[in-house]
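Remarks on the structure that follows.
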Amino acid sequence: MSIQDNQTKLVPALARGSQILDIVARVPSGLLAKDIAGELGLAKSTVHGLCNTLVSLNLLIKRPDHSYQLGPHVMRWANAFTARSDVAREFASIWDDDTDLPGATITLSVLENTDIVYIAARNSDATEGRFDFRSGMRLPASITATGKAMMSHMNEFDVRHLYAGVADDQSIDTLIQVLKTDKDCGYSFDNEDVSDGLVCYGAPILDSKNKPIAGIAVSLLKEDATPEKGKQIVTNLTDIAVKLSIRMGADV
């Protein structure tokens, strides 16, 4: 349960519907009602009722094998969010004009509790079939380059509060040490944590209060990540991140 849940009285049916969408989003192959019920600790009849409602609203799709996947209406919301995001528009503009890394996969994401959510992605031919990033995709922040890049600009108290009840003290201590190193370096690195054979370099985008509002990452196959290529990526990545941060009002 999030901090907001503790502070605000929620409508149970809406909260459960949101939880179902989050659970289904984590499993692209689809989930059966019994699996959803087991994870939420609800009766299958209750989950069936909620899922049927979500299907009728096009928020879920029911497949022939009776499993559920995210429906098309979710993408309308994702597209609307992206269309309203100044960061996403600036990201595309700067990338088109200034990049000298045409072969790389580029992503833009935001931090949501202990996850990141991708709001823009451009997959390259080089990484096709290995791992495809998509707008709306959610991954644990602690294993992603952009997640660590954003959290590296949070203070230690906020990081510990974020992961309280989610991870043990030793894991949190280890994460904080990684974040301190990443902040000193100016970028974060994912060494095949998201996908075997894929590495990612991430940097934060800051707002007018110098707080992280998004993260940008460059991903490529590990066999292509030579020291020279890595240096080139970091140079481009941090340059674009600084430009985006300045456009968002940051003092960098």
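Chain labels run A, B, ... following the order of the structure tokens; each chain numbers its residues from 1, and ligands are numbered from 1 in the order shown.
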
DSSP says helix (DSSP H, G or I) for which residues of segment 35-166 of chain A? Put them as a PDB file with N, CA and C atoms, in the first residue's frame?
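Final output, saved to part28.pdb:
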```pdb
ATOM      1  N   ASP A  35      -5.140 -16.385 -10.893  1.00  0.00           N
ATOM      2  CA  ASP A  35      -3.823 -15.861 -10.540  1.00  0.00           C
ATOM      3  C   ASP A  35      -3.943 -14.460  -9.948  1.00  0.00           C
ATOM      4  N   ILE A  36      -4.819 -13.663 -10.553  1.00  0.00           N
ATOM      5  CA  ILE A  36      -5.047 -12.304 -10.055  1.00  0.00           C
ATOM      6  C   ILE A  36      -5.655 -12.366  -8.663  1.00  0.00           C
ATOM      7  N   ALA A  37      -6.637 -13.253  -8.494  1.00  0.00           N
ATOM      8  CA  ALA A  37      -7.297 -13.403  -7.195  1.00  0.00           C
ATOM      9  C   ALA A  37      -6.303 -13.822  -6.127  1.00  0.00           C
ATOM     10  N   GLY A  38      -5.393 -14.740  -6.475  1.00  0.00           N
ATOM     11  CA  GLY A  38      -4.397 -15.198  -5.517  1.00  0.00           C
ATOM     12  C   GLY A  38      -3.463 -14.099  -5.094  1.00  0.00           C
ATOM     13  N   GLU A  39      -3.052 -13.254  -6.029  1.00  0.00           N
ATOM     14  CA  GLU A  39      -2.114 -12.186  -5.702  1.00  0.00           C
ATOM     15  C   GLU A  39      -2.770 -11.099  -4.858  1.00  0.00           C
ATOM     16  N   LEU A  40      -4.047 -10.835  -5.113  1.00  0.00           N
ATOM     17  CA  LEU A  40      -4.743  -9.785  -4.371  1.00  0.00           C
ATOM     18  C   LEU A  40      -5.418 -10.294  -3.104  1.00  0.00           C
ATOM     19  N   LYS A  44     -12.408 -15.372  -6.264  1.00  0.00           N
ATOM     20  CA  LYS A  44     -12.404 -15.396  -7.729  1.00  0.00           C
ATOM     21  C   LYS A  44     -13.650 -14.733  -8.302  1.00  0.00           C
ATOM     22  N   SER A  45     -14.778 -14.876  -7.617  1.00  0.00           N
ATOM     23  CA  SER A  45     -16.008 -14.258  -8.105  1.00  0.00           C
ATOM     24  C   SER A  45     -15.884 -12.733  -8.131  1.00  0.00           C
ATOM     25  N   THR A  46     -15.223 -12.184  -7.113  1.00  0.00           N
ATOM     26  CA  THR A  46     -15.011 -10.735  -7.073  1.00  0.00           C
ATOM     27  C   THR A  46     -14.113 -10.290  -8.216  1.00  0.00           C
ATOM     28  N   VAL A  47     -13.032 -11.039  -8.443  1.00  0.00           N
ATOM     29  CA  VAL A  47     -12.105 -10.701  -9.522  1.00  0.00           C
ATOM     30  C   VAL A  47     -12.781 -10.839 -10.881  1.00  0.00           C
ATOM     31  N   HIS A  48     -13.588 -11.868 -11.054  1.00  0.00           N
ATOM     32  CA  HIS A  48     -14.315 -12.032 -12.322  1.00  0.00           C
ATOM     33  C   HIS A  48     -15.200 -10.814 -12.584  1.00  0.00           C
ATOM     34  N   GLY A  49     -15.893 -10.348 -11.547  1.00  0.00           N
ATOM     35  CA  GLY A  49     -16.754  -9.192 -11.720  1.00  0.00           C
ATOM     36  C   GLY A  49     -15.983  -7.942 -12.094  1.00  0.00           C
ATOM     37  N   LEU A  50     -14.866  -7.723 -11.407  1.00  0.00           N
ATOM     38  CA  LEU A  50     -14.037  -6.561 -11.705  1.00  0.00           C
ATOM     39  C   LEU A  50     -13.441  -6.650 -13.108  1.00  0.00           C
ATOM     40  N   CYS A  51     -12.940  -7.831 -13.463  1.00  0.00           N
ATOM     41  CA  CYS A  51     -12.334  -8.006 -14.787  1.00  0.00           C
ATOM     42  C   CYS A  51     -13.355  -7.842 -15.901  1.00  0.00           C
ATOM     43  N   ASN A  52     -14.561  -8.347 -15.692  1.00  0.00           N
ATOM     44  CA  ASN A  52     -15.611  -8.188 -16.710  1.00  0.00           C
ATOM     45  C   ASN A  52     -15.939  -6.717 -16.925  1.00  0.00           C
ATOM     46  N   THR A  53     -15.947  -5.956 -15.835  1.00  0.00           N
ATOM     47  CA  THR A  53     -16.188  -4.522 -15.962  1.00  0.00           C
ATOM     48  C   THR A  53     -15.060  -3.847 -16.726  1.00  0.00           C
ATOM     49  N   LEU A  54     -13.823  -4.216 -16.405  1.00  0.00           N
ATOM     50  CA  LEU A  54     -12.667  -3.640 -17.097  1.00  0.00           C
ATOM     51  C   LEU A  54     -12.653  -4.029 -18.571  1.00  0.00           C
ATOM     52  N   VAL A  55     -13.101  -5.239 -18.883  1.00  0.00           N
ATOM     53  CA  VAL A  55     -13.201  -5.666 -20.285  1.00  0.00           C
ATOM     54  C   VAL A  55     -14.236  -4.821 -21.019  1.00  0.00           C
ATOM     55  N   SER A  56     -15.373  -4.583 -20.372  1.00  0.00           N
ATOM     56  CA  SER A  56     -16.439  -3.804 -21.017  1.00  0.00           C
ATOM     57  C   SER A  56     -16.005  -2.373 -21.278  1.00  0.00           C
ATOM     58  N   PRO A  72      -7.038  -1.684 -25.182  1.00  0.00           N
ATOM     59  CA  PRO A  72      -6.621  -0.518 -25.973  1.00  0.00           C
ATOM     60  C   PRO A  72      -6.880   0.822 -25.295  1.00  0.00           C
ATOM     61  N   HIS A  73      -7.854   0.860 -24.384  1.00  0.00           N
ATOM     62  CA  HIS A  73      -8.162   2.149 -23.756  1.00  0.00           C
ATOM     63  C   HIS A  73      -7.003   2.638 -22.894  1.00  0.00           C
ATOM     64  N   VAL A  74      -6.219   1.704 -22.366  1.00  0.00           N
ATOM     65  CA  VAL A  74      -5.061   2.080 -21.561  1.00  0.00           C
ATOM     66  C   VAL A  74      -4.077   2.878 -22.405  1.00  0.00           C
ATOM     67  N   MET A  75      -3.893   2.477 -23.663  1.00  0.00           N
ATOM     68  CA  MET A  75      -2.955   3.182 -24.528  1.00  0.00           C
ATOM     69  C   MET A  75      -3.436   4.596 -24.841  1.00  0.00           C
ATOM     70  N   ARG A  76      -4.758   4.800 -24.890  1.00  0.00           N
ATOM     71  CA  ARG A  76      -5.266   6.157 -25.103  1.00  0.00           C
ATOM     72  C   ARG A  76      -4.816   7.065 -23.967  1.00  0.00           C
ATOM     73  N   TRP A  77      -4.876   6.543 -22.754  1.00  0.00           N
ATOM     74  CA  TRP A  77      -4.425   7.341 -21.615  1.00  0.00           C
ATOM     75  C   TRP A  77      -2.929   7.583 -21.697  1.00  0.00           C
ATOM     76  N   ALA A  78      -2.180   6.536 -22.059  1.00  0.00           N
ATOM     77  CA  ALA A  78      -0.726   6.681 -22.154  1.00  0.00           C
ATOM     78  C   ALA A  78      -0.364   7.713 -23.222  1.00  0.00           C
ATOM     79  N   ASN A  79      -1.061   7.656 -24.359  1.00  0.00           N
ATOM     80  CA  ASN A  79      -0.802   8.618 -25.435  1.00  0.00           C
ATOM     81  C   ASN A  79      -1.156  10.033 -25.011  1.00  0.00           C
ATOM     82  N   ALA A  80      -2.259  10.168 -24.257  1.00  0.00           N
ATOM     83  CA  ALA A  80      -2.666  11.486 -23.788  1.00  0.00           C
ATOM     84  C   ALA A  80      -1.641  12.047 -22.814  1.00  0.00           C
ATOM     85  N   PHE A  81      -1.109  11.168 -21.946  1.00  0.00           N
ATOM     86  CA  PHE A  81      -0.086  11.603 -20.992  1.00  0.00           C
ATOM     87  C   PHE A  81       1.172  12.046 -21.736  1.00  0.00           C
ATOM     88  N   THR A  82       1.586  11.248 -22.705  1.00  0.00           N
ATOM     89  CA  THR A  82       2.786  11.580 -23.467  1.00  0.00           C
ATOM     90  C   THR A  82       2.606  12.881 -24.234  1.00  0.00           C
ATOM     91  N   ALA A  83       1.406  13.072 -24.794  1.00  0.00           N
ATOM     92  CA  ALA A  83       1.138  14.284 -25.566  1.00  0.00           C
ATOM     93  C   ALA A  83       1.214  15.530 -24.700  1.00  0.00           C
ATOM     94  N   ARG A  84       0.900  15.386 -23.409  1.00  0.00           N
ATOM     95  CA  ARG A  84       0.924  16.528 -22.499  1.00  0.00           C
ATOM     96  C   ARG A  84       2.295  16.730 -21.862  1.00  0.00           C
ATOM     97  N   ASP A  86       5.859  17.870 -21.533  1.00  0.00           N
ATOM     98  CA  ASP A  86       6.872  18.718 -22.157  1.00  0.00           C
ATOM     99  C   ASP A  86       8.195  17.981 -22.270  1.00  0.00           C
ATOM    100  N   VAL A  87       8.503  17.147 -21.272  1.00  0.00           N
ATOM    101  CA  VAL A  87       9.761  16.415 -21.292  1.00  0.00           C
ATOM    102  C   VAL A  87       9.826  15.489 -22.493  1.00  0.00           C
ATOM    103  N   ALA A  88       8.722  14.789 -22.772  1.00  0.00           N
ATOM    104  CA  ALA A  88       8.707  13.865 -23.900  1.00  0.00           C
ATOM    105  C   ALA A  88       8.894  14.593 -25.227  1.00  0.00           C
ATOM    106  N   ARG A  89       8.255  15.747 -25.365  1.00  0.00           N
ATOM    107  CA  ARG A  89       8.402  16.514 -26.607  1.00  0.00           C
ATOM    108  C   ARG A  89       9.826  17.032 -26.754  1.00  0.00           C
ATOM    109  N   GLU A  90      10.384  17.533 -25.658  1.00  0.00           N
ATOM    110  CA  GLU A  90      11.753  18.044 -25.722  1.00  0.00           C
ATOM    111  C   GLU A  90      12.748  16.928 -25.985  1.00  0.00           C
ATOM    112  N   PHE A  91      12.493  15.775 -25.402  1.00  0.00           N
ATOM    113  CA  PHE A  91      13.347  14.603 -25.631  1.00  0.00           C
ATOM    114  C   PHE A  91      13.436  14.286 -27.120  1.00  0.00           C
ATOM    115  N   ALA A  92      12.290  14.199 -27.786  1.00  0.00           N
ATOM    116  CA  ALA A  92      12.267  13.870 -29.215  1.00  0.00           C
ATOM    117  C   ALA A  92      12.962  14.950 -30.037  1.00  0.00           C
ATOM    118  N   SER A  93      12.728  16.208 -29.677  1.00  0.00           N
ATOM    119  CA  SER A  93      13.314  17.312 -30.425  1.00  0.00           C
ATOM    120  C   SER A  93      14.835  17.315 -30.341  1.00  0.00           C
ATOM    121  N   ILE A  94      15.354  17.191 -29.130  1.00  0.00           N
ATOM    122  CA  ILE A  94      16.810  17.203 -28.957  1.00  0.00           C
ATOM    123  C   ILE A  94      17.449  15.978 -29.586  1.00  0.00           C
ATOM    124  N   TRP A  95      16.814  14.817 -29.400  1.00  0.00           N
ATOM    125  CA  TRP A  95      17.386  13.599 -29.975  1.00  0.00           C
ATOM    126  C   TRP A  95      17.472  13.707 -31.488  1.00  0.00           C
ATOM    127  N   ASP A  96      16.439  14.197 -32.143  1.00  0.00           N
ATOM    128  CA  ASP A  96      16.432  14.313 -33.600  1.00  0.00           C
ATOM    129  C   ASP A  96      17.514  15.264 -34.087  1.00  0.00           C
ATOM    130  N   ASP A  97      17.732  16.330 -33.340  1.00  0.00           N
ATOM    131  CA  ASP A  97      18.651  17.377 -33.807  1.00  0.00           C
ATOM    132  C   ASP A  97      20.116  17.130 -33.461  1.00  0.00           C
ATOM    133  N   ASP A  98      20.354  16.541 -32.289  1.00  0.00           N
ATOM    134  CA  ASP A  98      21.717  16.571 -31.759  1.00  0.00           C
ATOM    135  C   ASP A  98      22.437  15.236 -31.623  1.00  0.00           C
ATOM    136  N   ASP A 125      17.212  -1.197 -34.641  1.00  0.00           N
ATOM    137  CA  ASP A 125      17.277  -2.501 -35.307  1.00  0.00           C
ATOM    138  C   ASP A 125      18.274  -3.414 -34.600  1.00  0.00           C
ATOM    139  N   ALA A 126      19.313  -2.818 -34.005  1.00  0.00           N
ATOM    140  CA  ALA A 126      20.361  -3.625 -33.382  1.00  0.00           C
ATOM    141  C   ALA A 126      19.851  -4.436 -32.200  1.00  0.00           C
ATOM    142  N   THR A 127      18.885  -3.876 -31.456  1.00  0.00           N
ATOM    143  CA  THR A 127      18.375  -4.572 -30.267  1.00  0.00           C
ATOM    144  C   THR A 127      17.053  -5.279 -30.533  1.00  0.00           C
ATOM    145  N   ALA A 141      12.528   0.107 -10.510  1.00  0.00           N
ATOM    146  CA  ALA A 141      13.496   1.202 -10.654  1.00  0.00           C
ATOM    147  C   ALA A 141      14.907   0.776 -10.271  1.00  0.00           C
ATOM    148  N   SER A 142      15.034  -0.121  -9.296  1.00  0.00           N
ATOM    149  CA  SER A 142      16.352  -0.475  -8.764  1.00  0.00           C
ATOM    150  C   SER A 142      17.225  -1.261  -9.741  1.00  0.00           C
ATOM    151  N   ILE A 143      16.638  -1.809 -10.814  1.00  0.00           N
ATOM    152  CA  ILE A 143      17.436  -2.572 -11.768  1.00  0.00           C
ATOM    153  C   ILE A 143      17.645  -1.832 -13.083  1.00  0.00           C
ATOM    154  N   ALA A 145      18.651   1.604 -15.499  1.00  0.00           N
ATOM    155  CA  ALA A 145      19.583   2.738 -15.514  1.00  0.00           C
ATOM    156  C   ALA A 145      18.861   4.042 -15.198  1.00  0.00           C
ATOM    157  N   THR A 146      17.681   4.252 -15.783  1.00  0.00           N
ATOM    158  CA  THR A 146      16.972   5.508 -15.521  1.00  0.00           C
ATOM    159  C   THR A 146      16.443   5.557 -14.094  1.00  0.00           C
ATOM    160  N   GLY A 147      15.981   4.419 -13.580  1.00  0.00           N
ATOM    161  CA  GLY A 147      15.497   4.387 -12.205  1.00  0.00           C
ATOM    162  C   GLY A 147      16.585   4.774 -11.225  1.00  0.00           C
ATOM    163  N   LYS A 148      17.761   4.179 -11.382  1.00  0.00           N
ATOM    164  CA  LYS A 148      18.879   4.496 -10.484  1.00  0.00           C
ATOM    165  C   LYS A 148      19.361   5.932 -10.689  1.00  0.00           C
ATOM    166  N   ALA A 149      19.316   6.398 -11.941  1.00  0.00           N
ATOM    167  CA  ALA A 149      19.737   7.771 -12.216  1.00  0.00           C
ATOM    168  C   ALA A 149      18.833   8.770 -11.499  1.00  0.00           C
ATOM    169  N   MET A 150      17.527   8.532 -11.545  1.00  0.00           N
ATOM    170  CA  MET A 150      16.598   9.440 -10.863  1.00  0.00           C
ATOM    171  C   MET A 150      16.750   9.350  -9.345  1.00  0.00           C
ATOM    172  N   MET A 151      16.839   8.125  -8.829  1.00  0.00           N
ATOM    173  CA  MET A 151      16.946   7.973  -7.374  1.00  0.00           C
ATOM    174  C   MET A 151      18.269   8.482  -6.834  1.00  0.00           C
ATOM    175  N   GLU A 156      18.966  10.352   0.987  1.00  0.00           N
ATOM    176  CA  GLU A 156      18.958   9.000   1.537  1.00  0.00           C
ATOM    177  C   GLU A 156      17.670   8.700   2.307  1.00  0.00           C
ATOM    178  N   PHE A 157      17.168   9.692   3.045  1.00  0.00           N
ATOM    179  CA  PHE A 157      15.936   9.483   3.811  1.00  0.00           C
ATOM    180  C   PHE A 157      14.784   9.105   2.889  1.00  0.00           C
ATOM    181  N   ASP A 158      14.651   9.812   1.759  1.00  0.00           N
ATOM    182  CA  ASP A 158      13.549   9.543   0.828  1.00  0.00           C
ATOM    183  C   ASP A 158      13.680   8.162   0.194  1.00  0.00           C
ATOM    184  N   VAL A 159      14.907   7.755  -0.106  1.00  0.00           N
ATOM    185  CA  VAL A 159      15.113   6.428  -0.690  1.00  0.00           C
ATOM    186  C   VAL A 159      14.726   5.347   0.313  1.00  0.00           C
ATOM    187  N   ARG A 160      15.164   5.525   1.555  1.00  0.00           N
ATOM    188  CA  ARG A 160      14.826   4.534   2.585  1.00  0.00           C
ATOM    189  C   ARG A 160      13.314   4.491   2.812  1.00  0.00           C
ATOM    190  N   HIS A 161      12.675   5.636   2.804  1.00  0.00           N
ATOM    191  CA  HIS A 161      11.226   5.688   2.988  1.00  0.00           C
ATOM    192  C   HIS A 161      10.516   5.006   1.820  1.00  0.00           C
ATOM    193  N   LEU A 162      11.043   5.204   0.624  1.00  0.00           N
ATOM    194  CA  LEU A 162      10.442   4.626  -0.569  1.00  0.00           C
ATOM    195  C   LEU A 162      10.445   3.103  -0.516  1.00  0.00           C
ATOM    196  N   TYR A 163      11.544   2.541  -0.008  1.00  0.00           N
ATOM    197  CA  TYR A 163      11.692   1.085  -0.006  1.00  0.00           C
ATOM    198  C   TYR A 163      11.356   0.430   1.342  1.00  0.00           C
TER     199      TYR A 163
END
```

Original post:
Excluding same-chain residues fewer than 3 positions from Gly186 of chain A, what lies within 7 Å of it counting only C-alpha atoms, as an NGL selection string?
Top reply: :A and (182-183 or 203)

Original post:
If you count only C-alpha atoms, which residues fall within 6 Å of Ala120 of chain A, apart from same-chain ones fewer than 3 positions away, as a PyMOL selection string?
Top reply: chain A and resi 107-108+135

**OP:** For atom CA of Gly165 of chain A and atom CA of Ala25 of chain A, determine how far apart the two atoms are, in Å to one decimal place.
**Re:** 22.3 Å

Subject >> Near-segment 20-24 of chain A list (8 Å; only C-alpha atoms; drop same-chain fewer than 4 positions) as a list in words >> reply: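 The neighbour list is Arg16, Pro28, Gly30, Leu31, Ile36, Cys51, Leu59, Leu60, Tyr68, Gln69 and Leu70 of chain A.
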
Written selection (N, CA and C atoms) as a PDB file, in the first residue's frame:
```pdb
ATOM      1  N   ARG A  16      -9.191  -1.596  -6.382  1.00  0.00           N
ATOM      2  CA  ARG A  16      -8.943  -2.970  -6.830  1.00  0.00           C
ATOM      3  C   ARG A  16      -8.797  -3.039  -8.341  1.00  0.00           C
ATOM      4  N   PRO A  28       2.995  -9.522 -19.727  1.00  0.00           N
ATOM      5  CA  PRO A  28       2.494  -9.305 -21.084  1.00  0.00           C
ATOM      6  C   PRO A  28       1.783 -10.521 -21.682  1.00  0.00           C
ATOM      7  N   GLY A  30      -0.325 -12.412 -20.279  1.00  0.00           N
ATOM      8  CA  GLY A  30      -1.681 -12.523 -19.771  1.00  0.00           C
ATOM      9  C   GLY A  30      -1.766 -13.302 -18.470  1.00  0.00           C
ATOM     10  N   LEU A  31      -2.816 -13.029 -17.700  1.00  0.00           N
ATOM     11  CA  LEU A  31      -3.030 -13.691 -16.428  1.00  0.00           C
ATOM     12  C   LEU A  31      -4.464 -14.204 -16.326  1.00  0.00           C
ATOM     13  N   ILE A  36      -4.819 -13.663 -10.553  1.00  0.00           N
ATOM     14  CA  ILE A  36      -5.047 -12.304 -10.055  1.00  0.00           C
ATOM     15  C   ILE A  36      -5.655 -12.366  -8.663  1.00  0.00           C
ATOM     16  N   CYS A  51     -12.940  -7.831 -13.463  1.00  0.00           N
ATOM     17  CA  CYS A  51     -12.334  -8.006 -14.787  1.00  0.00           C
ATOM     18  C   CYS A  51     -13.355  -7.842 -15.901  1.00  0.00           C
ATOM     19  N   LEU A  59     -10.478  -1.665 -20.961  1.00  0.00           N
ATOM     20  CA  LEU A  59      -9.249  -1.539 -20.187  1.00  0.00           C
ATOM     21  C   LEU A  59      -8.519  -2.873 -20.091  1.00  0.00           C
ATOM     22  N   LEU A  60      -9.243  -3.959 -20.262  1.00  0.00           N
ATOM     23  CA  LEU A  60      -8.668  -5.296 -20.359  1.00  0.00           C
ATOM     24  C   LEU A  60      -9.229  -5.991 -21.596  1.00  0.00           C
ATOM     25  N   TYR A  68      -6.236 -12.554 -19.164  1.00  0.00           N
ATOM     26  CA  TYR A  68      -6.495 -11.132 -19.379  1.00  0.00           C
ATOM     27  C   TYR A  68      -5.205 -10.395 -19.728  1.00  0.00           C
ATOM     28  N   GLN A  69      -5.335  -9.466 -20.684  1.00  0.00           N
ATOM     29  CA  GLN A  69      -4.246  -8.574 -21.049  1.00  0.00           C
ATOM     30  C   GLN A  69      -4.769  -7.143 -21.039  1.00  0.00           C
ATOM     31  N   LEU A  70      -3.837  -6.178 -21.006  1.00  0.00           N
ATOM     32  CA  LEU A  70      -4.256  -4.782 -21.056  1.00  0.00           C
ATOM     33  C   LEU A  70      -5.001  -4.484 -22.344  1.00  0.00           C
TER      34      LEU A  70
END
```

Original post:
Which neighbours of Val117 of chain A fall inside 9 Å, counting only C-alpha atoms, when residues of the same chain fewer than 4 positions from it are skipped, and could you give them as a ChimeraX atom specification?
Top reply: /A:108-112,135-139,141

**OP:** Please run DSSP on the backbone and report, as number ranges by chain, all residues within segment 106-246 of chain A that come out as strand (DSSP E or B).
**Re:** A: 106-112, 115-122, 138-140, 164, 167, 188-191, 198-206, 212-221

Original post:
Which neighbours of Asp196 of chain A fall inside 12 Å, counting only C-alpha atoms, when residues of the same chain fewer than 4 positions from it are skipped, and could you give them as number ranges by chain?
Top reply: A: 127, 129-131, 190-192, 200, 220-223
